[in-house]
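Engineer: Take a look at query-v6.cif, mmCIF, C-alpha atoms:
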data_entry
loop_
_atom_site.label_atom_id
_atom_site.label_comp_id
_atom_site.auth_asym_id
_atom_site.auth_seq_id
_atom_site.Cartn_x
_atom_site.Cartn_y
_atom_site.Cartn_z
CA MET A 250 -18.46 96.28 -162.73
CA THR A 251 -22.20 96.87 -162.47
CA PRO A 252 -24.38 94.53 -164.56
CA ASN A 253 -26.20 97.54 -166.09
CA LEU A 254 -23.05 98.62 -167.95
CA ILE A 255 -22.52 95.13 -169.36
CA ARG A 256 -26.20 94.87 -170.28
CA THR A 257 -26.04 98.16 -172.19
CA VAL A 258 -23.15 96.90 -174.32
CA LEU A 259 -24.72 93.49 -174.96
CA SER A 260 -28.06 95.07 -175.79
CA SER A 261 -26.44 97.37 -178.34
CA MET A 262 -24.79 94.43 -180.08
CA ARG A 263 -28.12 92.60 -180.23
CA ILE A 264 -30.12 95.61 -181.42
CA HIS A 265 -27.71 96.26 -184.28
CA GLY A 266 -27.54 92.59 -185.25
CA VAL A 267 -23.80 92.24 -184.68
CA ARG A 268 -22.63 88.66 -185.15
CA CYS A 269 -20.26 88.18 -182.24
CA LEU A 270 -19.50 85.81 -179.40
CA LEU A 271 -18.96 86.89 -175.82
CA MET A 272 -15.71 85.54 -174.40
CA GLY A 273 -13.19 86.49 -171.72
CA GLY A 274 -14.06 87.28 -168.12
CA GLN A 275 -17.71 88.11 -168.72
CA ALA A 276 -18.25 84.72 -170.38
CA CYS A 277 -16.61 83.05 -167.36
CA VAL A 278 -19.26 84.64 -165.16
CA PHE A 279 -22.05 83.04 -167.21
CA TYR A 280 -20.33 79.64 -166.93
CA GLY A 281 -20.26 79.88 -163.15
CA ALA A 282 -16.58 80.68 -162.72
CA ALA A 283 -17.01 84.26 -161.57
CA GLU A 284 -14.38 86.78 -162.57
CA PHE A 285 -14.37 90.53 -161.99
CA SER A 286 -13.72 92.21 -165.31
CA ARG A 287 -13.77 95.85 -166.32
CA ASP A 288 -14.10 95.11 -170.01
CA THR A 289 -16.01 92.93 -172.43
CA ASP A 290 -14.30 90.71 -174.98
CA PHE A 291 -16.00 89.72 -178.21
CA LEU A 292 -15.02 87.40 -181.02
CA LEU A 293 -16.29 89.25 -184.07
CA LEU A 294 -17.10 88.07 -187.59
CA ALA A 295 -14.84 90.22 -189.78
CA SER A 296 -17.14 90.48 -192.80
CA PRO A 297 -17.82 93.93 -194.32
CA ALA A 298 -21.53 93.84 -193.46
CA ASN A 299 -20.95 92.69 -189.89
CA LEU A 300 -18.24 95.28 -189.31
CA ASP A 301 -20.69 97.96 -190.48
CA ARG A 302 -23.21 96.69 -187.94
CA PHE A 303 -20.51 96.74 -185.27
CA ARG A 304 -19.63 100.34 -186.18
CA ALA A 305 -23.29 101.26 -185.71
CA ALA A 306 -23.25 99.64 -182.27
CA LEU A 307 -20.08 101.55 -181.39
CA ALA A 308 -21.71 104.79 -182.48
CA SER A 309 -24.73 104.13 -180.27
CA LEU A 310 -22.36 103.51 -177.33
CA ARG A 311 -20.26 106.58 -178.24
CA ALA A 312 -17.27 104.26 -178.22
CA GLU A 313 -13.89 105.43 -179.45
CA ARG A 314 -10.77 103.44 -180.28
CA ILE A 315 -8.22 103.87 -177.50
CA ALA A 316 -5.02 102.20 -178.74
CA VAL A 317 -3.24 100.76 -181.75
CA PRO A 318 -3.92 99.06 -184.07
CA PRO A 319 -6.50 100.99 -186.12
CA PHE A 320 -9.92 99.48 -186.64
CA GLU A 321 -9.23 97.85 -190.00
CA THR A 322 -10.16 94.42 -191.32
CA ASP A 323 -6.57 93.42 -192.09
CA TYR A 324 -5.50 93.85 -188.48
CA LEU A 325 -8.44 91.80 -187.24
CA ARG A 326 -7.77 89.00 -189.69
CA ARG A 327 -4.09 88.85 -188.72
CA GLY A 328 -5.06 88.19 -185.10
CA HIS A 329 -4.83 91.62 -183.48
CA ALA A 330 -7.20 92.79 -180.76
CA ILE A 331 -8.78 96.23 -181.19
CA HIS A 332 -9.82 98.26 -178.16
CA PHE A 333 -12.61 100.79 -177.60
CA ARG A 334 -13.87 102.88 -174.68
CA CYS A 335 -17.57 103.74 -174.28
CA GLN A 336 -18.63 107.33 -173.55
CA HIS A 337 -22.40 106.80 -173.44
CA PRO A 338 -23.76 107.70 -169.96
CA ASP A 339 -25.22 104.18 -169.53
CA ALA A 340 -21.82 102.55 -170.24
CA ALA A 341 -19.36 105.32 -169.43
CA GLY A 342 -15.77 104.11 -169.19
CA PHE A 343 -16.60 100.54 -170.18
CA ARG A 344 -14.03 98.96 -172.49
CA ILE A 345 -14.78 96.73 -175.46
CA ASP A 346 -12.06 94.51 -176.92
CA VAL A 347 -12.68 92.64 -180.17
CA MET A 348 -10.83 89.97 -182.11
CA SER A 349 -11.76 87.87 -185.12
CA VAL A 350 -9.02 85.21 -184.90
CA LEU A 351 -7.96 83.15 -181.90
CA ARG A 352 -4.61 81.36 -181.76
CA GLY A 353 -4.78 77.72 -182.78
CA MET A 354 -8.57 77.71 -182.96
CA ALA A 355 -11.20 77.19 -185.63
CA PRO A 356 -12.45 80.08 -187.80
CA PHE A 357 -15.38 82.18 -186.63
CA ASP A 358 -18.09 80.29 -188.53
CA GLU A 359 -17.13 77.01 -186.87
CA LEU A 360 -16.92 78.59 -183.41
CA TRP A 361 -20.36 80.13 -184.06
CA GLU A 362 -21.76 76.66 -184.71
CA HIS A 363 -20.40 75.53 -181.30
CA ARG A 364 -21.83 78.56 -179.46
CA ILE A 365 -24.05 78.54 -176.40
CA THR A 366 -27.12 80.79 -176.46
CA ILE A 367 -28.58 81.98 -173.17
CA GLU A 368 -31.50 84.20 -172.31
CA THR A 369 -31.19 86.66 -169.44
CA ASN A 370 -33.89 87.41 -166.90
CA ASP A 371 -34.91 90.54 -168.80
CA GLY A 372 -35.31 88.66 -172.10
CA ASP A 373 -32.01 89.54 -173.79
CA THR A 374 -30.28 86.82 -175.80
CA ILE A 375 -26.52 86.40 -175.44
CA GLU A 376 -24.29 84.28 -177.67
CA LEU A 377 -21.28 82.84 -175.82
CA LEU A 378 -18.15 81.10 -176.97
CA SER A 379 -18.71 77.45 -176.03
CA LEU A 380 -17.14 76.28 -172.79
CA GLU A 381 -14.73 74.00 -174.62
CA ASP A 382 -13.62 76.83 -176.90
CA LEU A 383 -13.40 79.30 -174.01
CA VAL A 384 -11.05 76.95 -172.14
CA LEU A 385 -8.80 76.73 -175.21
CA ALA A 386 -8.87 80.51 -175.60
CA LYS A 387 -7.74 80.91 -171.97
CA LYS A 388 -4.48 79.02 -172.59
CA THR A 389 -2.39 82.18 -172.81
CA GLN A 390 0.80 83.53 -171.27
CA ARG A 391 -1.20 85.68 -168.84
CA ASP A 392 -1.03 84.62 -165.18
CA LYS A 393 -4.68 85.45 -164.52
CA ASP A 394 -6.01 83.06 -167.17
CA TRP A 395 -4.75 79.80 -165.69
CA PRO A 396 -6.67 79.84 -162.37
CA MET A 397 -9.81 80.74 -164.32
CA LEU A 398 -9.22 77.97 -166.85
CA ARG A 399 -8.84 75.48 -164.00
CA ARG A 400 -12.01 76.75 -162.36
CA LEU A 401 -14.05 76.54 -165.58
CA VAL A 402 -13.27 72.84 -166.01
CA GLU A 403 -13.73 72.12 -162.28
CA VAL A 404 -17.20 73.68 -162.23
CA HIS A 405 -18.26 71.66 -165.26
CA TYR A 406 -16.86 68.44 -163.78
CA LEU A 407 -18.42 68.87 -160.36
CA SER A 408 -21.78 69.73 -161.93
CA ASN A 409 -21.88 66.73 -164.27
CA ARG A 410 -19.78 63.89 -162.82
CA SER A 411 -22.79 61.95 -161.50
CA HIS A 412 -24.19 61.19 -164.96
CA PRO A 413 -21.56 62.13 -167.56
CA THR A 414 -21.65 61.55 -171.28
CA SER A 415 -18.72 59.92 -173.04
CA ALA A 416 -17.87 63.27 -174.64
CA GLN A 417 -17.77 64.95 -171.23
CA ILE A 418 -15.49 62.25 -169.81
CA GLU A 419 -13.09 62.59 -172.71
CA TRP A 420 -13.06 66.39 -172.32
CA TRP A 421 -12.37 66.20 -168.57
CA LEU A 422 -9.50 63.81 -169.14
CA ALA A 423 -8.09 66.19 -171.73
CA GLU A 424 -8.59 69.43 -169.80
CA LEU A 425 -8.84 68.94 -166.02
CA ARG A 426 -6.04 70.84 -164.29
CA THR A 427 -6.69 69.73 -160.70
CA ALA A 428 -4.53 66.70 -159.88
CA THR A 429 -6.93 65.10 -157.40
CA LEU A 430 -9.92 65.48 -159.72
CA LEU A 431 -7.96 64.12 -162.67
CA ILE A 432 -7.01 61.05 -160.62
CA GLU A 433 -10.63 60.67 -159.54
CA THR A 434 -11.76 60.79 -163.19
CA VAL A 435 -9.19 58.18 -164.17
CA LEU A 436 -10.42 55.87 -161.40
CA ARG A 437 -14.03 56.33 -162.47
CA HIS A 438 -13.35 55.88 -166.18
CA PRO A 439 -10.23 53.70 -166.60
CA ASP A 440 -10.89 52.62 -170.20
CA ALA A 441 -11.24 56.20 -171.43
CA ALA A 442 -8.15 57.17 -169.43
CA ARG A 443 -6.01 54.43 -170.97
CA ALA A 444 -7.13 55.54 -174.44
CA LEU A 445 -5.93 59.09 -173.76
CA ALA A 446 -2.81 58.34 -171.72
CA GLY A 447 -0.52 58.28 -174.75
CA ARG A 448 -1.58 61.81 -175.71
CA ARG A 449 -1.52 63.45 -172.28
CA PRO A 450 1.30 62.68 -169.83
CA ALA A 451 -0.77 64.02 -166.91
CA VAL A 452 -3.33 61.27 -167.53
CA ALA A 453 -0.60 58.61 -167.64
CA CYS A 454 0.65 59.87 -164.25
CA ALA A 455 -2.91 59.93 -162.91
CA ILE A 456 -3.34 56.26 -163.83
CA GLU A 457 -0.40 55.56 -161.52
CA GLY A 458 -2.11 57.61 -158.79
CA ASP A 459 0.93 59.80 -158.25
CA VAL A 460 -0.37 63.27 -157.31
CA HIS A 461 3.08 64.89 -157.41
CA ARG A 462 3.87 63.59 -160.88
CA VAL A 463 0.43 64.71 -162.12
CA GLU A 464 1.09 68.19 -160.76
CA MET A 465 4.50 68.29 -162.45
CA ALA A 466 2.95 67.20 -165.75
CA LEU A 467 0.32 69.92 -165.45
CA ILE A 468 3.01 72.52 -164.81
CA GLU A 469 4.85 71.39 -167.95
CA GLU A 470 1.61 71.61 -169.97
CA GLU A 471 1.09 75.17 -168.78
CA ARG A 472 4.70 76.13 -169.52
CA ALA A 473 4.45 74.82 -173.08
CA ALA A 474 1.13 76.58 -173.69
CA ARG A 475 2.45 79.88 -172.34
CA GLU A 476 5.50 79.63 -174.58
CA ALA A 477 3.38 78.85 -177.65
CA ASP A 478 1.23 81.91 -176.90
CA ARG A 479 4.31 84.08 -176.40
CA ARG A 480 5.72 83.00 -179.78
CA TYR A 481 2.37 83.65 -181.49
CA TRP A 482 2.07 87.18 -180.12
CA LEU A 483 5.70 88.21 -180.57
CA PRO A 484 5.43 89.40 -184.21
CA LEU A 485 2.03 90.98 -183.54
CA ARG A 486 3.46 92.93 -180.60
CA GLN A 487 6.41 94.01 -182.71
CA GLU A 488 3.95 95.33 -185.28
CA LEU A 489 2.10 97.27 -182.56
CA GLU A 490 5.37 98.81 -181.39
CA GLN A 491 6.08 99.98 -184.93
CA LEU A 492 2.61 101.54 -185.11
CA ARG A 493 3.12 103.31 -181.78
CA HIS A 494 6.50 104.57 -182.93
CA GLY A 495 4.93 105.87 -186.14
CA GLN A 496 2.30 107.78 -184.15
CA ARG A 497 4.99 109.40 -182.01
#
Translate this structure into structure tokens?

Structural biologist:
Amino acid sequence: MTPNLIRTVLSSMRIHGVRCLLMGGQACVFYGAAEFSRDTDFLLLASPANLDRFRAALASLRAERIAVPPFETDYLRRGHAIHFRCQHPDAAGFRIDVMSVLRGMAPFDELWEHRITIETNDGDTIELLSLEDLVLAKKTQRDKDWPMLRRLVEVHYLSNRSHPTSAQIEWWLAELRTATLLIETVLRHPDAARALAGRRPAVACAIEGDVHRVEMALIEEERAAREADRRYWLPLRQELEQLRHGQR
């Protein structure tokens, strides 16, 4: 996807003062874990004023809703994603997906406080979901999210392991999904590892230096997270099916 299309969408959000956080594949690109993505995902503040600003941005992009559910506050606040397709010549065909609630995560205002703000080469300002929150958001049932989640934490670890803060060490021990790197972190920071071992079986296995057992523990973590995501989305998907049936 050409950067110009993404820039057009981001610029429209900024111009109209939409309070939103970039997440998904495009956010992964900014964090150095490149991912090809044909859409842009935003976490959106679902207040009346902000939704009006978002509608103005959609109008400038000539964006139309392309699937159920309808663009209504109740659906956003219950956790649904709402999907739009841009028709403006500078962003033709580009998809925008928005949510206002993420499974098991803090409300928007708290995630906004954690955000990372970056400035592009052409002077645009982009507000991103923090790396820590993006990693949590990627713990879904979708196959494509887990390699990206692993890469996000790897990139951060490899970029900062020479002079880490205590908060970074604790986060790596909690989130690293590469067995060899988790064992390396445990060897470098044994006290922090022992403190976390009771809460994460993969860390306990890493303390023993058993790569196979670490990998098995990581697989079990992923399985449990996928199942939790499946259970969360099941009633929402059932609601979408009812809406589709009603349209037919």

Engineer: Give me, please, the distance in Å between CA of Leu360 in chain A and CA of Leu307 in chain A, quoted to one decimal.

Structural biologist: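 That distance, rounded to one decimal, is 23.3 Å.
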
Engineer: Using all atoms listed in the file, what does the table of range 437-497 of chain A residues within 12 Å of range 391-401 of chain A look like, with each row giving the shortest atom pair and its distance in Å to one decimal, sorted by chain and ascending number, as JSON lines?

Structural biologist:
{"residue": "A:Leu467", "atom": "CA", "partner": "A:Arg399", "partner_atom": "CA", "distance": 10.8}
{"residue": "A:Ile468", "atom": "CA", "partner": "A:Trp395", "partner_atom": "CA", "distance": 10.7}
{"residue": "A:Glu470", "atom": "CA", "partner": "A:Trp395", "partner_atom": "CA", "distance": 11.2}
{"residue": "A:Glu471", "atom": "CA", "partner": "A:Trp395", "partner_atom": "CA", "distance": 8.1}
{"residue": "A:Arg472", "atom": "CA", "partner": "A:Trp395", "partner_atom": "CA", "distance": 10.8}
{"residue": "A:Ala474", "atom": "CA", "partner": "A:Trp395", "partner_atom": "CA", "distance": 10.4}
{"residue": "A:Arg475", "atom": "CA", "partner": "A:Arg391", "partner_atom": "CA", "distance": 7.7}
{"residue": "A:Glu476", "atom": "CA", "partner": "A:Arg391", "partner_atom": "CA", "distance": 10.7}
{"residue": "A:Asp478", "atom": "CA", "partner": "A:Arg391", "partner_atom": "CA", "distance": 9.2}
{"residue": "A:Arg479", "atom": "CA", "partner": "A:Arg391", "partner_atom": "CA", "distance": 9.5}
{"residue": "A:Trp482", "atom": "CA", "partner": "A:Arg391", "partner_atom": "CA", "distance": 11.8}

Engineer: How many Å lie between CA of Ala442 in chain A and CA of Ala355 in chain A, rounded to one decimal?

Structural biologist: 25.9 Å

Engineer: Run through the PyMOL selection byres ((chain A and resi 487-490) around 12) on the given coordinates and return the selected residues as a VMD selection string.

Structural biologist: chain A and resid 316 to 319 324 327 to 331 479 to 486 491 to 497

Engineer: One number please: CA of Leu325 in chain A to CA of Leu292 in chain A, in Å, one decimal.

Structural biologist: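 So the two atoms, CA of Leu325 in chain A and CA of Leu292 in chain A, lie 10.1 Å apart.
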
Engineer: Given the file shown, enumerate the residues that the PyMOL selection byres ((chain A and resi 403) around 12) captures and present them as a VMD selection string.

Structural biologist: chain A and resid 280 to 282 380 384 396 to 402 404 to 410 420 to 422 424 to 431 434

Engineer: Let me make sure I understand: among A:Ala444, A:Gly266, A:Ala340, A:Ala305, which one has the smallest atom-to-atom distance to Thr374 in chain A if we use only C-alpha atoms?

Structural biologist: A:Gly266

Engineer: Residues near Leu385 in chain A, anyone? I mean within 10 Å using only C-alpha atoms, not counting same-chain ones fewer than 4 positions away, as a ChimeraX atom specification.

Structural biologist: /A:351-354,379-381,389,398,424

Engineer: From the list A:Ala341, A:Ala441, A:Ala477, A:Ile432, which residue is nearest Arg462 in chain A when using only C-alpha atoms?

Structural biologist: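 Using only C-alpha atoms, Arg462 in chain A sits closest to A:Ile432.
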
Engineer: So which residues touch Ala453 in chain A within 9 Å, counting all atoms listed in the file, skipping near sequence neighbours fewer than 6 positions away, as a ChimeraX atom specification?

Structural biologist: /A:442-443,445-447,463
